[in-house]
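So this block is structure05.txt, compact mmCIF, C-alpha atoms:
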# COMPACT_ATOMS: atom_id res chain seq x y z
CA MET A 1 -16.30 34.81 18.39
CA SER A 2 -12.61 34.35 19.19
CA VAL A 3 -11.67 36.44 16.15
CA ASP A 4 -13.72 39.33 17.60
CA ILE A 5 -11.91 38.93 20.89
CA LEU A 6 -8.58 38.96 19.10
CA ASN A 7 -9.56 42.10 17.20
CA GLN A 8 -10.50 43.80 20.45
CA VAL A 9 -7.27 42.73 22.10
CA GLY A 10 -5.39 43.78 18.98
CA GLN A 11 -6.81 47.29 19.25
CA ASN A 12 -5.89 47.46 22.91
CA LEU A 13 -2.37 46.30 22.13
CA SER A 14 -1.87 48.47 19.06
CA ASN A 15 0.59 50.43 21.16
CA LEU A 16 2.65 47.65 22.74
CA SER A 17 4.88 50.07 24.65
CA HIS A 18 2.31 50.39 27.44
CA VAL A 19 2.45 46.65 28.26
CA ASP A 20 4.90 46.41 31.15
CA GLY A 21 7.48 43.64 31.05
CA THR A 22 6.78 42.61 27.47
CA SER A 23 10.00 41.65 25.67
CA GLU A 24 10.73 42.43 22.04
CA LEU A 25 10.27 38.74 21.22
CA GLU A 26 6.86 38.71 22.87
CA LYS A 27 5.86 41.90 21.06
CA GLU A 28 6.84 40.28 17.79
CA ALA A 29 4.82 37.18 18.66
CA ILE A 30 1.76 39.35 19.25
CA LYS A 31 2.29 41.13 15.93
CA LEU A 32 2.45 37.80 14.17
CA LEU A 33 -0.79 36.65 15.71
CA LEU A 34 -2.46 39.91 14.72
CA LEU A 35 -1.25 39.27 11.19
CA TYR A 36 -3.00 35.92 11.43
CA VAL A 37 -6.25 37.61 12.44
CA GLN A 38 -5.98 40.08 9.58
CA ASN A 39 -5.38 37.24 7.15
CA LEU A 40 -8.56 35.46 8.25
CA GLN A 41 -10.59 38.58 7.58
CA SER A 42 -8.89 39.90 4.46
CA PRO A 43 -10.67 39.11 1.17
CA ASP A 44 -7.58 40.14 -0.78
CA GLN A 45 -6.09 36.83 -1.96
CA LYS A 46 -2.84 38.53 -2.94
CA LYS A 47 -2.14 39.06 0.75
CA HIS A 48 -3.02 35.49 1.66
CA ILE A 49 -0.41 33.67 3.73
CA SER A 50 -0.31 29.89 3.81
CA GLY A 51 -1.92 28.16 6.76
CA ASP A 52 1.34 26.38 7.62
CA VAL A 53 3.11 29.73 8.03
CA LEU A 54 0.33 31.15 10.17
CA ILE A 55 0.21 28.10 12.42
CA ASN A 56 3.94 28.44 12.95
CA GLU A 57 3.57 32.14 13.76
CA ALA A 58 0.80 31.46 16.27
CA ARG A 59 2.88 28.75 17.89
CA GLN A 60 5.75 31.19 18.30
CA PHE A 61 3.34 33.55 19.99
CA LEU A 62 2.19 30.88 22.45
CA GLU A 63 5.76 29.84 23.20
CA ALA A 64 6.67 33.45 23.94
CA LEU A 65 3.74 33.87 26.31
CA SER A 66 4.17 30.52 28.05
CA ASN A 67 7.60 31.41 29.41
CA ARG A 68 6.24 33.79 32.06
CA GLU A 69 3.02 34.75 33.80
CA TYR A 70 1.17 37.95 32.97
CA GLU A 71 -1.06 40.21 35.02
CA SER A 72 -2.43 41.80 31.89
CA SER A 73 -5.96 40.48 31.30
CA GLU A 74 -5.58 41.37 27.64
CA LEU A 75 -2.63 39.04 27.26
CA GLN A 76 -4.42 36.25 29.08
CA ILE A 77 -7.40 36.57 26.75
CA LEU A 78 -5.08 36.67 23.78
CA HIS A 79 -3.30 33.52 24.92
CA LYS A 80 -6.57 31.61 25.34
CA ALA A 81 -8.04 32.84 22.07
CA ALA A 82 -4.86 31.97 20.19
CA ARG A 83 -5.06 28.36 21.27
CA LYS A 84 -8.60 28.08 19.94
CA GLU A 85 -7.74 29.76 16.66
CA ILE A 86 -4.70 27.53 16.10
CA GLY A 87 -6.96 24.49 16.35
CA THR A 88 -9.42 26.00 13.88
CA LEU A 89 -6.67 26.93 11.48
CA ARG A 90 -5.04 23.52 11.72
CA ARG A 91 -8.31 21.84 10.72
CA LYS A 92 -8.63 24.26 7.82
CA VAL A 93 -5.10 23.53 6.64
CA MET A 94 -5.64 19.79 6.84
CA ALA A 95 -8.82 20.13 4.77
CA GLU A 96 -6.90 22.15 2.19
CA ARG A 97 -4.16 19.53 2.09
CA LEU A 98 -6.69 16.75 1.60
CA GLN A 99 -8.39 18.65 -1.21
CA LYS A 100 -5.02 19.32 -2.83
CA ALA A 101 -4.06 15.65 -2.58
CA LYS A 102 -7.36 14.63 -4.19
CA LEU A 103 -6.82 17.18 -6.96
CA GLN A 104 -3.26 15.95 -7.53
CA GLN A 105 -4.51 12.37 -7.70
CA THR A 106 -7.19 13.39 -10.19
CA ASN A 107 -4.67 15.31 -12.26
CA SER A 108 -2.32 12.32 -12.20
CA VAL A 109 -5.05 9.98 -13.48
CA LEU A 110 -6.05 12.42 -16.21
CA ARG A 111 -2.43 12.87 -17.25
CA GLN A 112 -1.99 9.10 -17.41
CA ALA A 113 -5.15 8.78 -19.49
CA TYR A 114 -3.84 11.47 -21.83
CA ILE A 115 -0.53 9.62 -22.28
CA LEU A 116 -2.28 6.32 -22.89
CA SER A 117 -4.56 7.83 -25.51
CA THR A 118 -2.01 10.03 -27.34
CA GLU A 119 1.44 8.43 -27.05
CA MET A 120 0.29 4.93 -28.01
CA ARG A 121 -1.00 5.29 -31.56
CA ASP A 122 -2.26 2.98 -34.29
CA GLU A 123 0.89 3.40 -36.38
CA HIS A 124 2.99 2.04 -33.49
CA LEU A 125 1.36 -1.39 -33.77
CA SER A 126 2.23 -2.49 -37.32
CA ALA A 127 5.51 -2.55 -39.22
CA ILE A 128 6.22 0.43 -41.49
CA ASN A 129 8.35 -0.37 -44.53
CA ASP A 130 8.62 3.16 -45.93
CA LEU A 131 11.79 4.83 -44.56
CA ALA A 132 10.38 8.36 -44.57
CA SER A 133 7.27 7.25 -42.64
CA ALA A 134 9.43 5.24 -40.22
CA LYS A 135 11.61 8.30 -39.58
CA GLU A 136 8.54 10.45 -38.98
CA LEU A 137 7.20 7.95 -36.44
CA PHE A 138 10.57 7.94 -34.67
CA ILE A 139 10.80 11.74 -34.58
CA THR A 140 7.31 12.16 -33.14
CA SER A 141 7.65 9.35 -30.58
CA VAL A 142 11.17 8.80 -29.22
CA THR A 143 12.22 11.15 -26.42
CA MET A 144 15.37 9.27 -25.37
CA VAL A 145 17.97 7.06 -27.02
CA GLU A 146 20.20 5.22 -24.54
CA ILE A 147 23.60 4.07 -25.82
CA GLU A 148 26.05 1.73 -24.08
CA VAL A 149 29.42 2.64 -25.61
CA PHE A 150 31.34 -0.01 -23.63
CA SER A 151 30.45 -2.90 -21.33
CA TYR A 152 32.56 -2.55 -18.17
CA CYS A 153 31.09 -1.90 -14.73
CA ASN A 154 33.16 -1.84 -11.53
CA ARG A 155 30.28 -3.01 -9.33
CA VAL A 156 28.20 -6.15 -8.80
CA CYS A 157 25.25 -4.62 -6.91
CA TRP A 158 22.71 -7.17 -5.62
CA PHE A 159 19.79 -5.38 -7.35
CA CYS A 160 21.47 -5.51 -10.78
CA PRO A 161 21.98 -8.43 -13.22
CA ASN A 162 25.70 -7.61 -13.07
CA ALA A 163 25.73 -9.52 -9.78
CA THR A 164 25.32 -12.77 -11.74
CA HIS A 165 26.36 -11.80 -15.28
CA ASP A 166 30.00 -10.76 -15.68
CA ARG A 167 30.76 -7.19 -16.63
CA ARG A 168 34.09 -6.84 -14.78
CA SER A 169 36.57 -9.31 -16.24
CA SER A 170 36.76 -7.55 -19.61
CA ASN A 171 35.63 -4.41 -21.38
CA HIS A 172 34.01 -4.58 -24.81
CA HIS A 173 33.66 -1.30 -26.69
CA MET A 174 30.93 -0.59 -29.20
CA LYS A 175 32.34 -0.63 -32.73
CA HIS A 176 33.15 2.93 -33.64
CA ASP A 177 31.45 2.75 -37.04
CA THR A 178 28.29 1.47 -35.31
CA TYR A 179 28.38 4.43 -32.94
CA ILE A 180 28.92 6.90 -35.76
CA LYS A 181 26.05 5.32 -37.72
CA ILE A 182 23.75 5.95 -34.73
CA LEU A 183 24.88 9.59 -34.62
CA GLU A 184 24.42 9.99 -38.37
CA ASP A 185 20.88 8.67 -38.16
CA LEU A 186 20.08 11.07 -35.33
CA ARG A 187 21.65 13.97 -37.22
CA SER A 188 19.54 13.17 -40.27
CA CYS A 189 16.38 13.98 -38.28
CA ASN A 190 17.93 16.86 -36.31
CA TYR A 191 17.30 14.96 -33.08
CA ASN A 192 16.88 17.42 -30.19
CA LYS A 193 15.85 15.25 -27.25
CA ARG A 194 17.90 13.18 -24.77
CA ILE A 195 20.86 10.91 -25.53
CA SER A 196 21.78 8.91 -22.43
CA PHE A 197 25.16 7.20 -22.19
CA SER A 198 24.12 4.49 -19.76
CA ARG A 199 22.72 0.92 -19.66
CA TYR A 200 24.53 -1.72 -17.53
CA ASN A 201 28.05 -0.28 -17.66
CA GLU A 202 29.62 2.41 -15.50
CA PRO A 203 30.00 5.19 -18.07
CA LEU A 204 32.76 7.02 -16.18
CA ALA A 205 34.97 3.94 -15.75
CA ASP A 206 36.61 4.55 -19.15
CA LYS A 207 37.78 8.02 -20.20
CA SER A 208 36.82 7.20 -23.78
CA ILE A 209 33.41 8.51 -22.74
CA LEU A 210 34.82 12.01 -23.23
CA ASP A 211 35.51 11.29 -26.91
CA ARG A 212 32.06 9.78 -27.41
CA LEU A 213 30.44 12.83 -25.82
CA SER A 214 32.45 15.20 -28.00
CA GLU A 215 31.44 13.30 -31.12
CA ALA A 216 27.79 13.35 -30.13
CA ARG A 217 27.95 17.09 -29.49
CA GLU A 218 29.42 17.58 -32.97
CA TYR A 219 26.83 15.42 -34.78
CA ILE A 220 23.70 16.34 -32.83
CA PRO A 221 24.33 19.71 -31.16
CA ASN A 222 20.67 20.20 -30.22
CA ALA A 223 20.37 16.98 -28.21
CA THR A 224 20.76 16.89 -24.43
CA LEU A 225 23.65 14.57 -23.51
CA HIS A 226 23.02 12.67 -20.29
CA ILE A 227 24.77 10.07 -18.09
CA ASN A 228 23.73 7.83 -15.18
CA THR A 229 26.70 7.06 -12.92
CA ASN A 230 27.40 5.40 -9.58
CA GLY A 231 29.77 8.29 -8.84
CA ASP A 232 32.73 6.10 -7.90
CA TYR A 233 35.02 7.72 -10.48
CA LEU A 234 33.57 11.21 -10.35
CA ASN A 235 35.50 14.13 -8.90
CA ARG A 236 35.66 17.86 -9.50
CA ASP A 237 38.22 17.60 -12.35
CA TYR A 238 36.29 14.84 -14.13
CA LEU A 239 33.09 16.90 -13.86
CA PHE A 240 34.93 19.78 -15.56
CA ASP A 241 36.05 17.48 -18.41
CA LEU A 242 32.57 16.01 -18.85
CA TYR A 243 31.02 19.44 -19.09
CA ASN A 244 33.56 20.60 -21.67
CA ALA A 245 32.89 17.44 -23.72
CA GLY A 246 29.20 18.38 -23.93
CA LEU A 247 27.47 16.67 -20.99
CA ARG A 248 24.45 18.68 -19.81
CA ALA A 249 22.54 16.26 -17.54
CA LEU A 250 23.98 13.96 -14.89
CA ASN A 251 22.34 11.50 -12.49
CA ILE A 252 24.59 10.37 -9.62
CA GLN A 253 23.17 7.32 -7.89
CA ILE A 254 24.41 6.65 -4.37
CA TYR A 255 24.98 2.96 -3.59
CA LEU A 256 26.35 1.17 -0.54
CA ASN A 257 28.59 -1.88 -0.92
CA ASN A 258 27.62 -4.51 -3.50
CA GLU A 259 25.66 -6.88 -1.25
CA GLU A 260 24.35 -4.35 1.25
CA LYS A 261 20.69 -3.47 1.51
CA TYR A 262 19.52 0.12 1.68
CA GLU A 263 20.19 1.99 4.95
CA HIS A 264 18.79 5.50 4.82
CA GLU A 265 21.24 7.25 7.15
CA ARG A 266 24.32 5.62 5.61
CA VAL A 267 23.13 6.58 2.15
CA ARG A 268 22.56 10.13 3.40
CA GLN A 269 26.09 10.29 4.82
CA LYS A 270 27.62 9.02 1.58
CA LEU A 271 25.56 11.50 -0.43
CA GLU A 272 26.75 14.36 1.77
CA ARG A 273 30.40 13.27 1.33
CA LYS A 274 29.99 13.32 -2.45
CA ILE A 275 28.43 16.79 -2.25
CA ARG A 276 31.48 18.06 -0.35
CA GLU A 277 33.85 16.30 -2.76
CA LEU A 278 32.28 17.96 -5.81
CA GLY A 279 32.11 21.34 -4.10
CA LEU A 280 28.66 22.17 -5.43
CA GLU A 281 25.67 23.87 -3.86
CA PHE A 282 22.85 21.33 -3.72
CA SER A 283 19.18 22.03 -3.00
CA GLY A 284 15.70 20.60 -3.50
CA VAL A 285 15.91 17.85 -0.90
CA LYS A 286 13.51 14.92 -1.25
CA ASP A 287 13.77 12.78 1.87
CA ILE A 288 11.46 9.78 2.34
CA PRO A 289 12.72 7.63 5.24
CA ASP A 290 13.84 4.12 4.28
CA THR A 291 12.78 4.78 0.68
CA TRP A 292 14.48 7.64 -1.16
CA ILE A 293 16.77 10.63 -0.65
CA GLU A 294 17.58 13.14 -3.40
CA VAL A 295 19.14 16.55 -3.99
CA THR A 296 19.61 18.66 -7.12
CA ALA A 297 22.30 21.07 -8.30
CA ARG A 298 23.68 22.87 -11.33
CA TYR A 299 27.18 22.97 -12.74
CA HIS A 300 27.00 25.94 -15.09
CA ASP A 301 24.04 24.89 -17.28
CA MET A 302 24.38 21.16 -16.46
CA LYS A 303 21.52 19.71 -14.42
CA ILE A 304 22.62 17.29 -11.69
CA ARG A 305 20.50 14.87 -9.64
CA MET A 306 22.08 12.92 -6.80
CA TYR A 307 19.96 10.28 -5.10
CA GLY A 308 19.82 7.01 -3.25
CA ARG A 309 16.87 4.63 -3.40
CA ASN A 310 15.67 1.49 -1.68
CA PHE A 311 15.50 -1.05 -4.51
CA ASP A 312 13.49 -3.46 -2.40
CA LYS A 313 10.69 -0.88 -2.34
CA ASN A 314 11.01 0.79 -5.72
CA GLY A 315 13.27 -1.50 -7.71
CA CYS A 316 12.42 -3.80 -10.59
CA ASP A 317 13.13 -7.51 -11.14
CA ARG A 318 15.05 -6.64 -14.34
CA GLY A 319 13.27 -9.06 -16.58
CA GLY A 320 13.23 -11.85 -13.98
CA THR A 321 16.97 -11.70 -13.17
CA VAL A 322 16.76 -9.99 -9.74
CA GLU A 323 14.67 -10.69 -6.65
CA VAL A 324 13.06 -7.60 -5.09
CA GLU A 325 10.33 -7.32 -2.46
CA SER A 326 8.18 -5.13 -4.73
CA LYS A 327 7.85 -7.90 -7.32
CA ALA A 328 4.22 -8.54 -8.35
CA PRO A 329 2.25 -9.63 -11.44
CA ARG A 330 1.97 -6.83 -14.00
CA THR A 331 -1.23 -5.86 -15.75
CA SER A 332 -0.44 -2.20 -16.45
CA PRO A 333 0.36 -0.96 -19.96
CA CYS A 334 3.99 0.00 -20.56
CA ARG A 335 5.20 2.91 -22.65
CA SER A 336 8.94 2.03 -22.74
CA PRO A 337 9.02 0.55 -26.28
CA PHE A 338 6.95 3.51 -27.52
CA TYR A 339 9.09 6.45 -26.43
CA HIS A 340 12.58 5.08 -25.69
CA MET A 341 15.26 3.08 -27.54
CA TYR A 342 18.10 1.18 -25.89
CA ILE A 343 21.28 0.12 -27.70
CA ASP A 344 23.73 -2.32 -26.10
CA TYR A 345 27.52 -2.20 -26.58
CA ASN A 346 27.23 -4.97 -29.19
CA GLY A 347 24.79 -2.96 -31.31
CA ALA A 348 21.70 -4.90 -30.23
CA VAL A 349 18.60 -2.72 -29.90
CA MET A 350 16.37 -3.53 -26.92
CA PRO A 351 12.77 -2.42 -26.21
CA CYS A 352 13.27 -1.62 -22.54
CA CYS A 353 15.94 -0.64 -20.00
CA ASN A 354 15.24 -3.78 -17.95
CA VAL A 355 16.37 -6.31 -20.57
CA ARG A 356 19.81 -6.74 -22.13
CA SER A 357 21.16 -8.74 -25.01
CA ASP A 358 24.03 -10.49 -23.17
CA ILE A 359 21.67 -12.43 -20.87
CA PRO A 360 20.47 -15.67 -22.50
CA GLU A 361 16.97 -15.33 -21.04
CA HIS A 362 16.65 -11.94 -22.74
CA SER A 363 18.05 -12.85 -26.13
CA GLN A 364 14.56 -13.13 -27.65
CA CYS A 365 13.86 -9.55 -26.62
CA LYS A 366 16.19 -8.02 -29.21
CA VAL A 367 14.25 -5.95 -31.76
CA GLY A 368 17.16 -5.24 -34.11
CA LEU A 369 20.91 -4.90 -34.64
CA MET A 370 22.53 -1.62 -35.61
CA SER A 371 24.76 -1.80 -38.71
CA ASN A 372 25.76 0.34 -41.66
CA GLU A 373 22.91 -1.26 -43.62
CA THR A 374 20.18 -0.69 -41.02
CA SER A 375 18.84 2.55 -39.59
CA LEU A 376 17.44 3.34 -36.16
CA PHE A 377 14.19 4.29 -37.85
CA GLU A 378 13.74 0.95 -39.60
CA ILE A 379 14.37 -0.92 -36.37
CA TYR A 380 11.98 1.29 -34.39
CA ALA A 381 9.20 0.88 -36.96
CA GLY A 382 9.97 -2.78 -37.71
CA GLU A 383 7.82 -5.82 -36.97
CA LYS A 384 9.73 -6.94 -33.86
CA ALA A 385 9.41 -3.56 -32.16
CA SER A 386 5.77 -3.28 -33.25
CA SER A 387 5.07 -6.72 -31.77
CA TRP A 388 6.54 -5.61 -28.44
CA ARG A 389 4.36 -2.52 -28.42
CA ARG A 390 1.22 -4.51 -29.14
CA ALA A 391 1.97 -6.75 -26.16
CA MET A 392 2.30 -3.71 -23.87
CA ILE A 393 -1.16 -2.30 -24.66
CA GLY A 394 -4.07 -2.57 -22.21
CA PHE A 395 -4.70 -3.50 -18.58
CA ARG A 396 -4.16 -7.24 -18.95
CA ASP A 397 -1.62 -9.82 -17.82
CA LYS A 398 1.82 -9.26 -19.27
CA LYS A 399 3.90 -12.27 -20.26
CA GLY A 400 7.48 -13.48 -20.45
CA VAL A 401 10.15 -11.20 -18.97
CA CYS A 402 7.49 -8.54 -18.31
CA LYS A 403 5.14 -10.65 -16.20
CA ASN A 404 6.38 -9.38 -12.79
CA CYS A 405 7.72 -5.98 -13.79
CA ASN A 406 6.63 -2.92 -11.78
CA PHE A 407 8.52 -0.34 -13.84
CA LYS A 408 6.53 2.88 -14.38
CA GLU A 409 3.09 1.39 -13.97
CA PHE A 410 -0.13 3.21 -14.82
CA THR A 411 -2.99 3.45 -12.32
CA ASP A 412 -5.90 1.17 -13.18
CA THR A 413 -8.95 3.47 -13.21
CA PRO A 414 -12.05 3.80 -15.43
CA GLU A 415 -10.38 6.81 -17.09
CA THR A 416 -7.13 5.03 -17.95
CA ARG A 417 -8.96 1.90 -19.13
CA ALA A 418 -11.20 3.99 -21.35
CA ALA A 419 -8.11 5.65 -22.85
CA GLN A 420 -6.84 2.21 -23.93
CA ASN A 421 -10.06 0.59 -25.15
CA ARG A 422 -9.85 1.51 -28.82
CA ILE A 423 -6.16 0.82 -29.31
CA LEU A 424 -6.41 -2.37 -27.24
CA LYS A 425 -8.97 -3.71 -29.73
CA ILE A 426 -6.61 -2.92 -32.61
CA ALA A 427 -3.72 -4.63 -30.82
CA THR A 428 -5.71 -7.78 -30.01
CA ASP A 429 -7.04 -7.96 -33.57
CA LEU A 430 -3.47 -7.83 -34.88
CA GLU A 431 -2.35 -10.46 -32.36
CA ARG A 432 -5.20 -12.85 -33.13
CA VAL A 433 -4.08 -15.96 -34.95
CA PRO A 434 -6.47 -16.86 -37.79
CA SER A 435 -8.32 -20.11 -37.20
CA THR A 436 -7.57 -22.99 -39.59
Do you think you could lay out the structure here as structure tokens?
Amino acid sequence: MSVDILNQVGQNLSNLSHVDGTSELEKEAIKLLLLYVQNLQSPDQKKHISGDVLINEARQFLEALSNREYESSELQILHKAARKEIGTLRRKVMAERLQKAKLQQTNSVLRQAYILSTEMRDEHLSAINDLASAKELFITSVTMVEIEVFSYCNRVCWFCPNATHDRRSSNHHMKHDTYIKILEDLRSCNYNKRISFSRYNEPLADKSILDRLSEAREYIPNATLHINTNGDYLNRDYLFDLYNAGLRALNIQIYLNNEEKYEHERVRQKLERKIRELGLEFSGVKDIPDTWIEVTARYHDMKIRMYGRNFDKNGCDRGGTVEVESKAPRTSPCRSPFYHMYIDYNGAVMPCCNVRSDIPEHSQCKVGLMSNETSLFEIYAGEKASSWRRAMIGFRDKKGVCKNCNFKEFTDTPETRAAQNRILKIATDLERVPST
């Protein structure tokens, strides 16, 4: 009924010039509300305006009218009707949001089920001795190789094992022939996915990173070269040099002082200072109070993310070496040893970003050692890596350094469990020790 009233009032006010004392702002507010009425009636979806926009327009209308009293009965009716319609529209918008959230949740579960059923395959669970088959498995599975070209980090952040395991007193570089062997292996399969120069060092602390980037660009020109940095060494000139060396993706993580816990506003202020220092136009703000803040930018064709995060809420215990509030027993499958490879400065290959070869408690996690006699493909398809992958299958208790890890967990639903049932049986059969 209120829509009919609004239509009637709209016809009466089609010529706003006859309404005495109506300001241009108030006329515009009325036009916006009439647009809202038209939108409710129009079947043409191409002209549809989002409910959030319409609510805002109607609010502007009410604010304009509330600043003064009117003798015009039409305006009084319009004011009253608008209030009713805003309430109706708000309920409609909230219903749409709820439906969208449910759809997103459903889509997320289905996507997870798809990953669990397609990215974790039978051939991942047993060693492959044939080099050509091992290379094929690597090519079709690994989307990122992370390489630590030296060991030094300038920080000892509380949420990182560097707080208790020394990475500052000396700097150990990866042997150059080991690094070149990695690049040669990747060139042999025309690797075109991500190479990340990260791990537990600060990649920008040593300018040799520019040489390593240039070499990687020469050997594997189709790969995307990426770095995670704390930003302490980064300025406009260094960004220019990194780009010219071949870097095309950069994550800048904003930290406070080493022992300080996350404070949202201080992290925001530090992030804004770094934005000004780099002189870039940032956009795409993600701002979750006390949890996460993030912006994005481009430097030519380089993608840049800059963010700060509350590690107590979304951090990981790093294989049992760090205490975080989010620590809890893990039952979720883990895809890390399926689609990523991690190579420490000493050539040790690790199955996950949360374990490292220079921590005694993690020494048993090593799945291989890069050398001139061993290829990435043989290590990836070897028995140690296969054993790790078997242990990560299924919604069941994880053991050892993984037992309290919350890194990239899957949602436990009937759909995701069903996606793992067949491969879980294969994994448990392979793990079963024959009775004597």
With only C-alpha atoms as the counted atoms, please give the residues lying no more than 12 Å from Pro329 (chain A), apart from itself and same-chain residues fewer than 3 positions off, as number ranges by chain. A: 316-317, 320, 326, 332, 395-407, 409
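Separating CA of Gly279 (chain A) from CA of Arg298 (chain A) is a distance of 11.2 Å.
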Of A:Glu119, A:Asp241, A:Glu378, A:Asp429, the one sitting nearest Pro337 (chain A) when using only C-alpha atoms is A:Glu119
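As for CA of Thr291 (chain A) and CA of Leu256 (chain A), they are spaced 14.1 Å apart.
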So that I can check the surroundings of region 258-261 of chain A, please list as an MDAnalysis selection string every protein, DNA and RNA residue that reaches within 6 Å of it, counting all atoms listed in the file and ignoring chain neighbours fewer than 5 positions away. chainID A and resid 156:158
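For the residues A:Val322, A:Val109, A:Ile252, A:Ile423, ranking by smallest atom-to-atom distance to Lys274 (chain A) using all atoms listed in the file places A:Ile252 first.
Take the candidates A:Ser141, A:Asn154, A:Thr224, A:Gln253 and check each one against Asp206 (chain A) using only C-alpha atoms; the shortest distance goes to A:Asn154.
Nearest to Ser371 (chain A) of all the residues A:Leu110, A:Met174, A:Ile293, A:Ile254 is A:Met174, based on all atoms listed in the file.
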Selection: 9 Å around Cys352 (chain A), all atoms listed in the file, excl. self and same-chain fewer than 2 positions, as a ChimeraX atom specification: /A:336-337,340-342,350,354-356,365
Figure out the distance between CA of His264 (chain A) and CA of Asp287 (chain A), please, to one decimal in Å. 9.3 Å
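Shortest atom-to-atom contact with Glu373 (chain A) among A:Ser108, A:Ala205, A:Asp177, A:Ser188: A:Asp177, counting only C-alpha atoms.
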